[in-house]
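Below is one structure, written out as structure tokens; the observations come after it.
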Amino acid sequence: MSKLCAIHLTKHTGPKHSATVIFFHGSGAAGDHMREWVSLMSKNFSFPHIKIAYPTAPLQAYTPAGGLKSNVWFDRADISPHVPEKLDSLNMIRAEVHNLIKRENEAGIPTNRIILGGFSMGGALALHAAYRWERNVAGAFAFSSFLNDKSVVYQELKTTADKLPPLLQIHGDSDELVDLSWGQTTFNELKACGVQGEFHIMERLGHSINKRGMNIIKEWLEKRLPDL
């Protein structure tokens, strides 16, 4: 049985569904909140052939919240790049990501027509998924996101010769929770491991998404997942 709380969808607007985007929310949020937030920032964040899935993370104890339960994709010791990753917690969510992709496969969408992305912790999950667990996806995007120092993602990438999905990363220069330098370091480390991508800085943006960033994501998705 799935541990996900819910999956909210933005359906394709045309006659044929040929690609899917899975958009992971940040810590403590929910899939419907992410969908509403995106729609506020991008009035036309829909596509003739692409379905967008906004899953909601499992409710679980979250250490930075004093152990209180929250909708988070994985637990972590602290909101800091300098703490070790909680690999047991990350490994528990792996099956849920796999099941989301399998569900699309069973609907006729091959893995190379699926893009994973997210905001903050959701973007971190997308990075773990695209560069550790599901490297056949069409790409990954991350908004205001991060990987910790000495992340297992970097360690595993250093031992692979696989073709890697392209990356789009966006970050605000006034992010008060995940400093811009943390996001830039993440991108640079991934690039050093062979990931090809682009990094965009949003001026005067805190820990949030904005219209410009969502428009960049929309254009990038259209290029990576063209209509068939």
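Each chain in the structure tokens gets a letter, A, B, ..., in the order shown, and its residues are numbered from 1; ligands are numbered from 1 in order too.
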
field: Spatial neighbours of Ile93 of chain A, max dist 9 Å, only C-alpha atoms, sep filter under 2 positions, as an MDAnalysis selection string
entry: chainID A and resid 3 57:58 73:74 89:91 95:98 125

message: as a PyMOL selection string, please: every residue in chain A that a backbone DSSP assignment puts in strand (DSSP E or B).
response: chain A and resi 6-10+19-24+50-56+59-61+69-71+114-119+139-143+167-172+197-202

Selection to disk with N, CA and C atoms, as a compact mmCIF listing (two decimals), in the first residue's frame:
```txt
# COMPACT_ATOMS: atom_id res chain seq x y z
N ALA A 6 -1.78 11.65 -0.99
CA ALA A 6 -2.68 11.97 -2.10
C ALA A 6 -1.85 12.32 -3.32
N ILE A 7 -2.49 12.29 -4.49
CA ILE A 7 -1.86 12.76 -5.71
C ILE A 7 -2.85 13.66 -6.43
N HIS A 8 -2.47 14.90 -6.63
CA HIS A 8 -3.32 15.86 -7.35
C HIS A 8 -2.77 16.06 -8.75
N LEU A 9 -3.65 16.20 -9.71
CA LEU A 9 -3.24 16.20 -11.11
C LEU A 9 -3.66 17.46 -11.84
N THR A 10 -2.82 17.86 -12.78
CA THR A 10 -3.22 18.81 -13.82
C THR A 10 -3.17 18.02 -15.12
N ALA A 19 3.41 12.39 -22.11
CA ALA A 19 4.51 12.69 -21.20
C ALA A 19 3.95 13.10 -19.84
N THR A 20 4.79 12.98 -18.81
CA THR A 20 4.36 13.29 -17.45
C THR A 20 5.46 14.04 -16.70
N VAL A 21 5.05 15.00 -15.90
CA VAL A 21 5.94 15.68 -14.95
C VAL A 21 5.46 15.36 -13.55
N ILE A 22 6.37 14.93 -12.69
CA ILE A 22 6.05 14.68 -11.28
C ILE A 22 6.71 15.78 -10.47
N PHE A 23 5.89 16.58 -9.79
CA PHE A 23 6.33 17.80 -9.11
C PHE A 23 6.19 17.61 -7.60
N PHE A 24 7.32 17.52 -6.90
CA PHE A 24 7.34 17.26 -5.47
C PHE A 24 7.35 18.58 -4.67
N ILE A 50 1.15 16.89 -21.82
CA ILE A 50 1.85 16.56 -20.58
C ILE A 50 0.89 16.64 -19.39
N LYS A 51 0.84 15.55 -18.63
CA LYS A 51 0.12 15.54 -17.37
C LYS A 51 1.10 15.89 -16.25
N ILE A 52 0.64 16.66 -15.28
CA ILE A 52 1.49 17.01 -14.13
C ILE A 52 0.89 16.37 -12.87
N ALA A 53 1.70 15.60 -12.17
CA ALA A 53 1.27 14.95 -10.94
C ALA A 53 1.92 15.65 -9.75
N TYR A 54 1.11 16.00 -8.76
CA TYR A 54 1.58 16.65 -7.54
C TYR A 54 1.29 15.72 -6.35
N PRO A 55 2.19 14.80 -6.04
CA PRO A 55 1.94 13.90 -4.90
C PRO A 55 2.17 14.61 -3.57
N THR A 56 1.56 14.06 -2.53
CA THR A 56 1.75 14.56 -1.17
C THR A 56 2.60 13.58 -0.38
N LEU A 59 3.11 11.36 5.99
CA LEU A 59 3.16 12.02 7.29
C LEU A 59 4.11 11.23 8.18
N GLN A 60 5.20 11.89 8.63
CA GLN A 60 6.20 11.18 9.42
C GLN A 60 6.92 12.15 10.35
N ALA A 61 7.59 11.61 11.35
CA ALA A 61 8.33 12.43 12.30
C ALA A 61 9.45 13.17 11.58
N LYS A 69 5.20 15.23 13.67
CA LYS A 69 4.92 14.66 12.35
C LYS A 69 4.60 15.76 11.34
N SER A 70 5.10 15.56 10.13
CA SER A 70 4.90 16.53 9.06
C SER A 70 4.91 15.79 7.74
N ASN A 71 4.33 16.40 6.72
CA ASN A 71 4.37 15.81 5.38
C ASN A 71 5.72 16.13 4.75
N ILE A 114 9.29 11.09 -18.84
CA ILE A 114 8.90 11.57 -17.52
C ILE A 114 10.00 12.48 -16.98
N ILE A 115 9.62 13.62 -16.43
CA ILE A 115 10.56 14.52 -15.77
C ILE A 115 10.18 14.64 -14.30
N LEU A 116 11.19 14.62 -13.44
CA LEU A 116 11.01 14.77 -12.00
C LEU A 116 11.49 16.15 -11.57
N GLY A 117 10.74 16.80 -10.71
CA GLY A 117 11.15 18.11 -10.23
C GLY A 117 10.52 18.44 -8.91
N GLY A 118 10.95 19.56 -8.34
CA GLY A 118 10.34 19.93 -7.08
C GLY A 118 10.89 21.21 -6.50
N PHE A 119 10.25 21.64 -5.43
CA PHE A 119 10.63 22.84 -4.69
C PHE A 119 11.27 22.43 -3.37
N GLY A 139 14.71 14.18 -17.48
CA GLY A 139 15.36 15.34 -16.88
C GLY A 139 14.90 15.55 -15.45
N ALA A 140 15.52 16.53 -14.79
CA ALA A 140 15.16 16.90 -13.42
C ALA A 140 15.25 18.41 -13.29
N PHE A 141 14.34 18.99 -12.49
CA PHE A 141 14.44 20.42 -12.16
C PHE A 141 14.29 20.60 -10.66
N ALA A 142 14.93 21.64 -10.15
CA ALA A 142 14.93 21.89 -8.72
C ALA A 142 14.88 23.40 -8.47
N PHE A 143 13.91 23.84 -7.69
CA PHE A 143 13.72 25.26 -7.39
C PHE A 143 13.98 25.45 -5.89
N LEU A 167 19.72 18.76 -16.16
CA LEU A 167 19.24 19.41 -14.95
C LEU A 167 18.94 20.88 -15.19
N LEU A 168 17.83 21.34 -14.63
CA LEU A 168 17.51 22.77 -14.56
C LEU A 168 17.39 23.13 -13.08
N GLN A 169 18.21 24.08 -12.64
CA GLN A 169 18.18 24.48 -11.24
C GLN A 169 17.97 25.99 -11.16
N ILE A 170 17.07 26.41 -10.26
CA ILE A 170 16.71 27.83 -10.09
C ILE A 170 16.78 28.16 -8.60
N HIS A 171 17.30 29.36 -8.27
CA HIS A 171 17.47 29.71 -6.86
C HIS A 171 17.40 31.23 -6.69
N GLY A 172 16.75 31.65 -5.62
CA GLY A 172 16.69 33.07 -5.32
C GLY A 172 17.94 33.57 -4.61
N GLY A 197 23.66 20.83 -17.33
CA GLY A 197 22.46 21.58 -16.97
C GLY A 197 22.66 23.07 -16.99
N GLU A 198 21.70 23.77 -16.41
CA GLU A 198 21.74 25.23 -16.35
C GLU A 198 21.25 25.69 -14.99
N PHE A 199 21.84 26.80 -14.52
CA PHE A 199 21.52 27.36 -13.21
C PHE A 199 21.09 28.81 -13.38
N HIS A 200 19.91 29.15 -12.87
CA HIS A 200 19.38 30.50 -13.00
C HIS A 200 19.21 31.13 -11.61
N ILE A 201 19.68 32.34 -11.46
CA ILE A 201 19.54 33.09 -10.21
C ILE A 201 18.39 34.08 -10.34
N MET A 202 17.47 34.04 -9.38
CA MET A 202 16.35 34.97 -9.35
C MET A 202 16.66 36.11 -8.39
```

message: Need to verify the contact set: His12 of chain A, 8 Å, only C-alpha atoms, exclusion of same-chain residues closer than 3 positions in sequence. Can you return it as an MDAnalysis selection string?
response: chainID A and resid 15:17 46:52

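For the pair atom CA of Leu190 of chain A and atom CA of Asn105 of chain A, the separation is 27.3 Å.
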
- line: Using only C-alpha atoms, the best pick from A:Phe45, A:Phe146, A:Tyr62, A:Phe187 as closest to Glu219 of chain A would be A:Phe45

message: Could you list, as a VMD selection string, every residue within 7 Å of segment 151-160 of chain A, counting only C-alpha atoms and ignoring same-chain residues fewer than 3 positions away?
response: chain A and resid 85 128 131 to 132 147 to 148 190 193

- request: Name the residues of segment 3-197 of chain A that fall into alpha helix (DSSP H) according to DSSP on the backbone, using the chain letters and numbers of this document, as a PyMOL selection string.
  value: chain A and resi 31-41+87-106+121-128+152-157+180-192

Coordinates-based distance that separates atom CA of Trp220 of chain A from atom CA of Asp32 of chain A (Å, one decimal): 22.8 Å

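Note that atom CA of Arg204 of chain A and atom CA of Leu221 of chain A are 24.5 Å apart.
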
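Considering the residues A:Asp179, A:Pro165, A:Leu127, A:Lys86 and counting only C-alpha atoms, Asn112 of chain A has its shortest atom-to-atom contact with A:Pro165.
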